[in-house]
Amino acid sequence: MAAGHWCLEDVSWDSFRGDKVDPELLKVIKAASLVEFNGADYATYLCNVFQGDEEFQAAARAWAEEEVQHGQALARWAELADPGFDFKACFKRFTDGYRIPLEARSSVRGSRSGELVARCIVEVGTSSYYTALGEAADEPVLKEICRNIAADELRHYKLFYRHMKRYQQREGVGRLRRSLVALGRIGESEDDELAYAYYAANGGGEVYERKRWSKAYMYRAYGYYRPKHVQRAVSMAFKAAGLKPQGRLARAVASLSYRFMRWRIRAVQPV
Ligand SMILES: [Fe+2]
Ligand SMILES: [Fe+2]
């Protein structure tokens with residue numbers, strides 16, 4: 001854990017206000033707690049992919065500890081908001097149905113630079129997501145947790161970016177390949193992991209239907225974003241891909257992305 005980093009005991013749990021809990025926001029927080037808590041598995045995968053790079057492996061382990069703590073903080077909040085929420089059981093349901101490729105010996109992104117670009121994109125996504133959720137929340141403890149997490153995610157982005165620059169020089173992976181990896185990773189945000197976490201946290205005894213739960217998740221998660229969150233995310237993603245973060249193209253992509261998200265919200269029906 002980074003020096004001076006917050007811990008669970010630092011959160012002002014006593015300020016919790018049950019009357020300020022938004023039940024819709026609670027659903028996405030439950031799902032987020034499962035994905036975050038799964039961070040330890042990602043560290044195993046990253047340590048396998050980065051065999052021989054002890055500096056990065058140590059950074060990846062410390063990073064995973066922080067992700068796990070995000071999951072613990074969100075889970076504790078969700079259990080306060082809904083005493084019926086059984087985090088352990090939901091996490092088991094999540095990991096029984098969704099596994100990451102722990103046995104991989106090389107990156108599923110084709111190179112170490114590619115892996116780090118993909119990690120940057122994930123952190124771009126989470127830092128903007130928790131900023132948006134924190135601003136949308138009325139409940140003061142959730143606001144505090146989201147603020148803490150968003151700051152961590154931004155630091156994680158910087159960490160992976162720094163290592164990516166190191167590998168990019170070594171491996172000579174150009175802008176085009178980095179952009180393709182970034183685009184690929186963004187595309188995966190509509191993939192199984194988040195939808196399955198949303199189902200595992202909120203589905204009760206229902207059967208998993210990918211399309212239905214993916215739509216349900218998107219309907220709620222996308223709704224919290226404002227144009228400024230999308231603009232910031234796009235400019236950070238552009239930077240990771242080696243493109244101009246504040247240029248005309250970035251502004252156009254941000255505007256299109258926001259419109260796409262609003263269109264997705266209108267096009268899907270909630271569960
Ligand atoms: Fe996180
Ligand atoms: Fe993170």
# chains A, B, ... in the order shown; residues from 1 in each chain; ligands from 1

call {"tool": "residues_around", "arguments": {"residues": "Glu171 of chain A", "least_positions_apart": "4", "cutoff": "9 Å", "atoms": "only C-alpha atoms", "output": "ChimeraX atom specification"}}
result
/A:111-113,166-167

call {"tool": "closest_atom_pairs", "arguments": {"of": "chain A", "to": "ligand 2", "cutoff": "10 Å", "atoms": "only C-alpha atoms and all ligand atoms", "output": "tab-separated table"}}
result
residue	atom	partner	partner_atom_place_in_ligand_line	distance
A:Glu36	CA	ligand 2	1 (Fe)	8.2
A:Gly39	CA	ligand 2	1 (Fe)	8.7
A:Trp63	CA	ligand 2	1 (Fe)	7.2
A:Ala64	CA	ligand 2	1 (Fe)	8.0
A:Glu65	CA	ligand 2	1 (Fe)	10.0
A:Glu66	CA	ligand 2	1 (Fe)	7.5
A:Glu67	CA	ligand 2	1 (Fe)	5.8
A:Val68	CA	ligand 2	1 (Fe)	9.6
A:His70	CA	ligand 2	1 (Fe)	8.6
A:Arg119	CA	ligand 2	1 (Fe)	8.6
A:Cys120	CA	ligand 2	1 (Fe)	9.0
A:Val122	CA	ligand 2	1 (Fe)	7.4
A:Glu123	CA	ligand 2	1 (Fe)	5.1
A:Val124	CA	ligand 2	1 (Fe)	8.6
A:Gly125	CA	ligand 2	1 (Fe)	9.1
A:Thr126	CA	ligand 2	1 (Fe)	6.6
A:Ser127	CA	ligand 2	1 (Fe)	7.5
A:Ile149	CA	ligand 2	1 (Fe)	7.9
A:Ala150	CA	ligand 2	1 (Fe)	8.3
A:Ala151	CA	ligand 2	1 (Fe)	9.2
A:Asp152	CA	ligand 2	1 (Fe)	6.3
A:Glu153	CA	ligand 2	1 (Fe)	4.1
A:Leu154	CA	ligand 2	1 (Fe)	7.4
A:Arg155	CA	ligand 2	1 (Fe)	7.8
A:His156	CA	ligand 2	1 (Fe)	5.2
A:Tyr157	CA	ligand 2	1 (Fe)	7.2
A:Leu159	CA	ligand 2	1 (Fe)	9.8
A:Phe160	CA	ligand 2	1 (Fe)	9.8

call {"tool": "closest_residue", "arguments": {"among": "A:Arg178, A:Arg232, A:Arg61, A:Lys88", "to": "Gly110 of chain A", "atoms": "only C-alpha atoms"}}
result
A:Arg178

call {"tool": "closest_residue", "arguments": {"among": "A:Ala62, A:Leu34, A:Leu142, A:Leu116", "to": "Val21 of chain A", "atoms": "only C-alpha atoms"}}
result
A:Leu142

call {"tool": "residues_around", "arguments": {"residues": "Val108 of chain A", "least_positions_apart": "5", "cutoff": "12 Å", "atoms": "only C-alpha atoms", "output": "ChimeraX atom specification"}}
result
/A:45-46,48-49,100-103,113-119,181,184-185

call {"tool": "closest_residue", "arguments": {"among": "A:Leu183, A:Asn148, A:Arg76, A:Glu193", "to": "Asn38 of chain A", "atoms": "only C-alpha atoms"}}
result
A:Glu193

call {"tool": "closest_residue", "arguments": {"among": "A:Ser107, A:Gln168, A:Gln231, A:Ser33", "to": "ligand 1", "atoms": "only C-alpha atoms and all ligand atoms"}}
result
A:Ser33

call {"tool": "residues_around", "arguments": {"residues": "Thr131 of chain A", "least_positions_apart": "2", "cutoff": "7 Å", "atoms": "only C-alpha atoms", "output": "VMD selection string"}}
result
chain A and resid 127 to 129 133 to 135 146 to 147 150

call {"tool": "write_last_selection", "arguments": {"atoms": "all heavy atoms", "output": "PDB file, in the first residue's frame"}}
result
ATOM      1  N   SER A 127     -11.376   5.502 -12.826  1.00  0.00           N
ATOM      2  CA  SER A 127     -11.256   6.816 -12.177  1.00  0.00           C
ATOM      3  C   SER A 127     -12.409   7.715 -12.601  1.00  0.00           C
ATOM      4  O   SER A 127     -12.966   8.448 -11.780  1.00  0.00           O
ATOM      5  CB  SER A 127      -9.882   7.453 -12.403  1.00  0.00           C
ATOM      6  OG  SER A 127      -9.804   8.081 -13.632  1.00  0.00           O
ATOM      7  N   SER A 128     -12.813   7.644 -13.877  1.00  0.00           N
ATOM      8  CA  SER A 128     -13.944   8.495 -14.274  1.00  0.00           C
ATOM      9  C   SER A 128     -15.264   7.942 -13.709  1.00  0.00           C
ATOM     10  O   SER A 128     -16.147   8.711 -13.321  1.00  0.00           O
ATOM     11  CB  SER A 128     -14.009   8.658 -15.792  1.00  0.00           C
ATOM     12  OG  SER A 128     -14.058   7.404 -16.392  1.00  0.00           O
ATOM     13  N   TYR A 129     -15.354   6.626 -13.624  1.00  0.00           N
ATOM     14  CA  TYR A 129     -16.580   6.007 -13.106  1.00  0.00           C
ATOM     15  C   TYR A 129     -16.836   6.394 -11.643  1.00  0.00           C
ATOM     16  O   TYR A 129     -17.919   6.831 -11.276  1.00  0.00           O
ATOM     17  CB  TYR A 129     -16.435   4.485 -13.229  1.00  0.00           C
ATOM     18  CG  TYR A 129     -17.676   3.674 -12.923  1.00  0.00           C
ATOM     19  CD1 TYR A 129     -18.927   4.044 -13.423  1.00  0.00           C
ATOM     20  CD2 TYR A 129     -17.593   2.503 -12.175  1.00  0.00           C
ATOM     21  CE1 TYR A 129     -20.043   3.270 -13.163  1.00  0.00           C
ATOM     22  CE2 TYR A 129     -18.707   1.719 -11.922  1.00  0.00           C
ATOM     23  CZ  TYR A 129     -19.927   2.117 -12.414  1.00  0.00           C
ATOM     24  OH  TYR A 129     -21.037   1.346 -12.160  1.00  0.00           O
ATOM     25  N   LEU A 133     -19.832   8.451 -10.026  1.00  0.00           N
ATOM     26  CA  LEU A 133     -20.693   7.860  -8.984  1.00  0.00           C
ATOM     27  C   LEU A 133     -20.675   8.718  -7.715  1.00  0.00           C
ATOM     28  O   LEU A 133     -21.713   8.964  -7.096  1.00  0.00           O
ATOM     29  CB  LEU A 133     -20.236   6.441  -8.628  1.00  0.00           C
ATOM     30  CG  LEU A 133     -20.351   5.369  -9.711  1.00  0.00           C
ATOM     31  CD1 LEU A 133     -19.941   4.004  -9.160  1.00  0.00           C
ATOM     32  CD2 LEU A 133     -21.765   5.288 -10.278  1.00  0.00           C
ATOM     33  N   GLY A 134     -19.484   9.183  -7.338  1.00  0.00           N
ATOM     34  CA  GLY A 134     -19.350  10.011  -6.131  1.00  0.00           C
ATOM     35  C   GLY A 134     -20.137  11.308  -6.267  1.00  0.00           C
ATOM     36  O   GLY A 134     -20.756  11.771  -5.297  1.00  0.00           O
ATOM     37  N   GLU A 135     -20.118  11.885  -7.454  1.00  0.00           N
ATOM     38  CA  GLU A 135     -20.858  13.137  -7.653  1.00  0.00           C
ATOM     39  C   GLU A 135     -22.364  12.891  -7.682  1.00  0.00           C
ATOM     40  O   GLU A 135     -23.147  13.753  -7.279  1.00  0.00           O
ATOM     41  CB  GLU A 135     -20.377  13.831  -8.940  1.00  0.00           C
ATOM     42  CG  GLU A 135     -18.992  14.440  -8.752  1.00  0.00           C
ATOM     43  CD  GLU A 135     -18.412  15.069 -10.015  1.00  0.00           C
ATOM     44  OE1 GLU A 135     -19.172  15.260 -10.989  1.00  0.00           O
ATOM     45  OE2 GLU A 135     -17.210  15.351 -10.015  1.00  0.00           O
ATOM     46  N   CYS A 146     -16.032   6.950  -2.722  1.00  0.00           N
ATOM     47  CA  CYS A 146     -15.827   7.135  -4.170  1.00  0.00           C
ATOM     48  C   CYS A 146     -14.706   8.143  -4.442  1.00  0.00           C
ATOM     49  O   CYS A 146     -13.926   7.958  -5.376  1.00  0.00           O
ATOM     50  CB  CYS A 146     -17.112   7.598  -4.863  1.00  0.00           C
ATOM     51  SG  CYS A 146     -18.348   6.292  -4.965  1.00  0.00           S
ATOM     52  N   ARG A 147     -14.644   9.181  -3.614  1.00  0.00           N
ATOM     53  CA  ARG A 147     -13.561  10.170  -3.775  1.00  0.00           C
ATOM     54  C   ARG A 147     -12.199   9.510  -3.545  1.00  0.00           C
ATOM     55  O   ARG A 147     -11.268   9.684  -4.325  1.00  0.00           O
ATOM     56  CB  ARG A 147     -13.755  11.293  -2.752  1.00  0.00           C
ATOM     57  CG  ARG A 147     -13.945  12.661  -3.386  1.00  0.00           C
ATOM     58  CD  ARG A 147     -13.911  13.800  -2.401  1.00  0.00           C
ATOM     59  NE  ARG A 147     -14.112  13.500  -1.015  1.00  0.00           N
ATOM     60  CZ  ARG A 147     -15.260  13.697  -0.346  1.00  0.00           C
ATOM     61  NH1 ARG A 147     -16.331  14.138  -0.982  1.00  0.00           N
ATOM     62  NH2 ARG A 147     -15.345  13.437   0.950  1.00  0.00           N
ATOM     63  N   ALA A 150     -11.499   7.097  -6.499  1.00  0.00           N
ATOM     64  CA  ALA A 150     -11.192   7.805  -7.757  1.00  0.00           C
ATOM     65  C   ALA A 150      -9.751   8.326  -7.729  1.00  0.00           C
ATOM     66  O   ALA A 150      -9.039   8.258  -8.738  1.00  0.00           O
ATOM     67  CB  ALA A 150     -12.177   8.943  -7.989  1.00  0.00           C
TER      68      ALA A 150
END

call {"tool": "select_by_dssp", "arguments": {"residues": "segment 15-255 of chain A", "states": "helix (DSSP H, G or I)", "output": "PyMOL selection string"}}
result
chain A and resi 15+18-20+23-37+39-49+54-81+87-97+112-136+140-171+175-190+192-202+210-224+227-241+248-255

call {"tool": "atom_distance", "arguments": {"atom1": "atom CA of Arg17 of chain A", "atom2": "atom CA of Phe85 of chain A"}}
result
17.1 Å

call {"tool": "closest_residue", "arguments": {"among": "A:Ala59, A:Ile121, A:Leu194, A:Ala254", "to": "Lys30 of chain A", "atoms": "only C-alpha atoms"}}
result
A:Leu194

call {"tool": "atom_distance", "arguments": {"atom1": "atom CA of Tyr222 of chain A", "atom2": "atom CA of Met261 of chain A"}}
result
6.2 Å

call {"tool": "atom_distance", "arguments": {"atom1": "atom CA of Gln51 of chain A", "atom2": "atom CA of Ile186 of chain A"}}
result
26.1 Å

call {"tool": "decode", "arguments": {"residues": "segment 220-252 of chain A", "atoms": "N, CA, C and O atoms", "output": "PDB file, in the first residue's frame"}}
result
ATOM      1  N   ARG A 220     -27.825   1.351 -16.053  1.00  0.00           N
ATOM      2  CA  ARG A 220     -27.593   2.072 -14.804  1.00  0.00           C
ATOM      3  C   ARG A 220     -26.232   2.766 -14.788  1.00  0.00           C
ATOM      4  O   ARG A 220     -26.136   3.941 -14.487  1.00  0.00           O
ATOM      5  N   ALA A 221     -25.187   2.028 -15.176  1.00  0.00           N
ATOM      6  CA  ALA A 221     -23.831   2.588 -15.048  1.00  0.00           C
ATOM      7  C   ALA A 221     -23.635   3.812 -15.956  1.00  0.00           C
ATOM      8  O   ALA A 221     -23.114   4.828 -15.512  1.00  0.00           O
ATOM      9  N   TYR A 222     -24.064   3.733 -17.199  1.00  0.00           N
ATOM     10  CA  TYR A 222     -23.836   4.842 -18.129  1.00  0.00           C
ATOM     11  C   TYR A 222     -24.573   6.110 -17.693  1.00  0.00           C
ATOM     12  O   TYR A 222     -24.163   7.215 -17.988  1.00  0.00           O
ATOM     13  N   GLY A 223     -25.673   5.904 -17.009  1.00  0.00           N
ATOM     14  CA  GLY A 223     -26.522   7.037 -16.638  1.00  0.00           C
ATOM     15  C   GLY A 223     -25.859   8.033 -15.692  1.00  0.00           C
ATOM     16  O   GLY A 223     -26.307   9.175 -15.592  1.00  0.00           O
ATOM     17  N   TYR A 224     -24.797   7.618 -15.012  1.00  0.00           N
ATOM     18  CA  TYR A 224     -24.161   8.520 -14.039  1.00  0.00           C
ATOM     19  C   TYR A 224     -23.130   9.446 -14.674  1.00  0.00           C
ATOM     20  O   TYR A 224     -22.669  10.389 -14.047  1.00  0.00           O
ATOM     21  N   TYR A 225     -22.738   9.141 -15.918  1.00  0.00           N
ATOM     22  CA  TYR A 225     -21.699   9.944 -16.564  1.00  0.00           C
ATOM     23  C   TYR A 225     -22.253  11.268 -17.068  1.00  0.00           C
ATOM     24  O   TYR A 225     -23.365  11.330 -17.600  1.00  0.00           O
ATOM     25  N   ARG A 226     -21.454  12.316 -16.886  1.00  0.00           N
ATOM     26  CA  ARG A 226     -21.740  13.625 -17.460  1.00  0.00           C
ATOM     27  C   ARG A 226     -20.677  13.885 -18.535  1.00  0.00           C
ATOM     28  O   ARG A 226     -19.607  13.263 -18.493  1.00  0.00           O
ATOM     29  N   PRO A 227     -20.932  14.838 -19.452  1.00  0.00           N
ATOM     30  CA  PRO A 227     -19.951  15.065 -20.527  1.00  0.00           C
ATOM     31  C   PRO A 227     -18.526  15.294 -20.018  1.00  0.00           C
ATOM     32  O   PRO A 227     -17.558  14.786 -20.590  1.00  0.00           O
ATOM     33  N   LYS A 228     -18.385  16.006 -18.879  1.00  0.00           N
ATOM     34  CA  LYS A 228     -17.016  16.288 -18.391  1.00  0.00           C
ATOM     35  C   LYS A 228     -16.274  14.997 -17.992  1.00  0.00           C
ATOM     36  O   LYS A 228     -15.059  14.898 -18.158  1.00  0.00           O
ATOM     37  N   HIS A 229     -17.015  13.991 -17.481  1.00  0.00           N
ATOM     38  CA  HIS A 229     -16.358  12.733 -17.117  1.00  0.00           C
ATOM     39  C   HIS A 229     -15.860  12.011 -18.374  1.00  0.00           C
ATOM     40  O   HIS A 229     -14.780  11.426 -18.375  1.00  0.00           O
ATOM     41  N   VAL A 230     -16.687  12.059 -19.415  1.00  0.00           N
ATOM     42  CA  VAL A 230     -16.322  11.369 -20.654  1.00  0.00           C
ATOM     43  C   VAL A 230     -15.141  12.095 -21.318  1.00  0.00           C
ATOM     44  O   VAL A 230     -14.198  11.455 -21.798  1.00  0.00           O
ATOM     45  N   GLN A 231     -15.164  13.430 -21.291  1.00  0.00           N
ATOM     46  CA  GLN A 231     -14.057  14.200 -21.888  1.00  0.00           C
ATOM     47  C   GLN A 231     -12.734  13.851 -21.216  1.00  0.00           C
ATOM     48  O   GLN A 231     -11.715  13.635 -21.870  1.00  0.00           O
ATOM     49  N   ARG A 232     -12.770  13.782 -19.896  1.00  0.00           N
ATOM     50  CA  ARG A 232     -11.544  13.499 -19.158  1.00  0.00           C
ATOM     51  C   ARG A 232     -11.051  12.080 -19.466  1.00  0.00           C
ATOM     52  O   ARG A 232      -9.862  11.849 -19.682  1.00  0.00           O
ATOM     53  N   ALA A 233     -11.992  11.147 -19.509  1.00  0.00           N
ATOM     54  CA  ALA A 233     -11.619   9.752 -19.792  1.00  0.00           C
ATOM     55  C   ALA A 233     -11.009   9.641 -21.191  1.00  0.00           C
ATOM     56  O   ALA A 233      -9.988   8.981 -21.385  1.00  0.00           O
ATOM     57  N   VAL A 234     -11.619  10.309 -22.165  1.00  0.00           N
ATOM     58  CA  VAL A 234     -11.106  10.215 -23.541  1.00  0.00           C
ATOM     59  C   VAL A 234      -9.711  10.831 -23.623  1.00  0.00           C
ATOM     60  O   VAL A 234      -8.805  10.273 -24.247  1.00  0.00           O
ATOM     61  N   SER A 235      -9.495  11.960 -22.954  1.00  0.00           N
ATOM     62  CA  SER A 235      -8.174  12.572 -23.095  1.00  0.00           C
ATOM     63  C   SER A 235      -7.106  11.710 -22.406  1.00  0.00           C
ATOM     64  O   SER A 235      -5.993  11.578 -22.911  1.00  0.00           O
ATOM     65  N   MET A 236      -7.447  11.046 -21.297  1.00  0.00           N
ATOM     66  CA  MET A 236      -6.471  10.142 -20.662  1.00  0.00           C
ATOM     67  C   MET A 236      -6.208   8.913 -21.545  1.00  0.00           C
ATOM     68  O   MET A 236      -5.069   8.448 -21.655  1.00  0.00           O
ATOM     69  N   ALA A 237      -7.256   8.407 -22.179  1.00  0.00           N
ATOM     70  CA  ALA A 237      -7.094   7.236 -23.057  1.00  0.00           C
ATOM     71  C   ALA A 237      -6.243   7.616 -24.271  1.00  0.00           C
ATOM     72  O   ALA A 237      -5.374   6.846 -24.703  1.00  0.00           O
ATOM     73  N   PHE A 238      -6.452   8.803 -24.813  1.00  0.00           N
ATOM     74  CA  PHE A 238      -5.651   9.276 -25.949  1.00  0.00           C
ATOM     75  C   PHE A 238      -4.174   9.352 -25.557  1.00  0.00           C
ATOM     76  O   PHE A 238      -3.302   8.987 -26.311  1.00  0.00           O
ATOM     77  N   LYS A 239      -3.936   9.847 -24.363  1.00  0.00           N
ATOM     78  CA  LYS A 239      -2.547   9.974 -23.902  1.00  0.00           C
ATOM     79  C   LYS A 239      -1.890   8.581 -23.831  1.00  0.00           C
ATOM     80  O   LYS A 239      -0.751   8.409 -24.264  1.00  0.00           O
ATOM     81  N   ALA A 240      -2.629   7.611 -23.315  1.00  0.00           N
ATOM     82  CA  ALA A 240      -2.084   6.251 -23.197  1.00  0.00           C
ATOM     83  C   ALA A 240      -1.775   5.660 -24.575  1.00  0.00           C
ATOM     84  O   ALA A 240      -0.851   4.873 -24.726  1.00  0.00           O
ATOM     85  N   ALA A 241      -2.569   6.058 -25.577  1.00  0.00           N
ATOM     86  CA  ALA A 241      -2.357   5.517 -26.923  1.00  0.00           C
ATOM     87  C   ALA A 241      -1.298   6.321 -27.682  1.00  0.00           C
ATOM     88  O   ALA A 241      -0.953   5.981 -28.808  1.00  0.00           O
ATOM     89  N   GLY A 242      -0.792   7.399 -27.081  1.00  0.00           N
ATOM     90  CA  GLY A 242       0.237   8.217 -27.737  1.00  0.00           C
ATOM     91  C   GLY A 242      -0.357   9.274 -28.646  1.00  0.00           C
ATOM     92  O   GLY A 242       0.329   9.821 -29.507  1.00  0.00           O
ATOM     93  N   LEU A 243      -1.646   9.577 -28.499  1.00  0.00           N
ATOM     94  CA  LEU A 243      -2.310  10.601 -29.326  1.00  0.00           C
ATOM     95  C   LEU A 243      -2.464  11.883 -28.515  1.00  0.00           C
ATOM     96  O   LEU A 243      -2.375  11.864 -27.286  1.00  0.00           O
ATOM     97  N   LYS A 244      -2.737  12.998 -29.227  1.00  0.00           N
ATOM     98  CA  LYS A 244      -2.884  14.292 -28.552  1.00  0.00           C
ATOM     99  C   LYS A 244      -4.085  14.275 -27.606  1.00  0.00           C
ATOM    100  O   LYS A 244      -5.231  14.140 -28.063  1.00  0.00           O
ATOM    101  N   PRO A 245      -3.882  14.440 -26.294  1.00  0.00           N
ATOM    102  CA  PRO A 245      -5.020  14.308 -25.363  1.00  0.00           C
ATOM    103  C   PRO A 245      -6.035  15.449 -25.411  1.00  0.00           C
ATOM    104  O   PRO A 245      -7.185  15.262 -25.026  1.00  0.00           O
ATOM    105  N   GLN A 246      -5.605  16.636 -25.877  1.00  0.00           N
ATOM    106  CA  GLN A 246      -6.534  17.784 -25.876  1.00  0.00           C
ATOM    107  C   GLN A 246      -6.876  18.263 -27.284  1.00  0.00           C
ATOM    108  O   GLN A 246      -7.429  19.357 -27.437  1.00  0.00           O
ATOM    109  N   GLY A 247      -6.546  17.485 -28.292  1.00  0.00           N
ATOM    110  CA  GLY A 247      -6.739  17.942 -29.676  1.00  0.00           C
ATOM    111  C   GLY A 247      -8.190  17.865 -30.138  1.00  0.00           C
ATOM    112  O   GLY A 247      -9.088  17.473 -29.385  1.00  0.00           O
ATOM    113  N   ARG A 248      -8.386  18.252 -31.414  1.00  0.00           N
ATOM    114  CA  ARG A 248      -9.741  18.252 -31.994  1.00  0.00           C
ATOM    115  C   ARG A 248     -10.328  16.854 -32.052  1.00  0.00           C
ATOM    116  O   ARG A 248     -11.499  16.649 -31.787  1.00  0.00           O
ATOM    117  N   LEU A 249      -9.439  15.890 -32.387  1.00  0.00           N
ATOM    118  CA  LEU A 249      -9.910  14.503 -32.498  1.00  0.00           C
ATOM    119  C   LEU A 249     -10.422  14.012 -31.139  1.00  0.00           C
ATOM    120  O   LEU A 249     -11.481  13.387 -31.050  1.00  0.00           O
ATOM    121  N   ALA A 250      -9.671  14.328 -30.071  1.00  0.00           N
ATOM    122  CA  ALA A 250     -10.086  13.890 -28.730  1.00  0.00           C
ATOM    123  C   ALA A 250     -11.443  14.498 -28.375  1.00  0.00           C
ATOM    124  O   ALA A 250     -12.315  13.813 -27.813  1.00  0.00           O
ATOM    125  N   ARG A 251     -11.626  15.769 -28.727  1.00  0.00           N
ATOM    126  CA  ARG A 251     -12.912  16.421 -28.394  1.00  0.00           C
ATOM    127  C   ARG A 251     -14.060  15.774 -29.169  1.00  0.00           C
ATOM    128  O   ARG A 251     -15.142  15.535 -28.634  1.00  0.00           O
ATOM    129  N   ALA A 252     -13.781  15.466 -30.450  1.00  0.00           N
ATOM    130  CA  ALA A 252     -14.827  14.851 -31.284  1.00  0.00           C
ATOM    131  C   ALA A 252     -15.171  13.462 -30.744  1.00  0.00           C
ATOM    132  O   ALA A 252     -16.358  13.088 -30.648  1.00  0.00           O
TER     133      ALA A 252
END
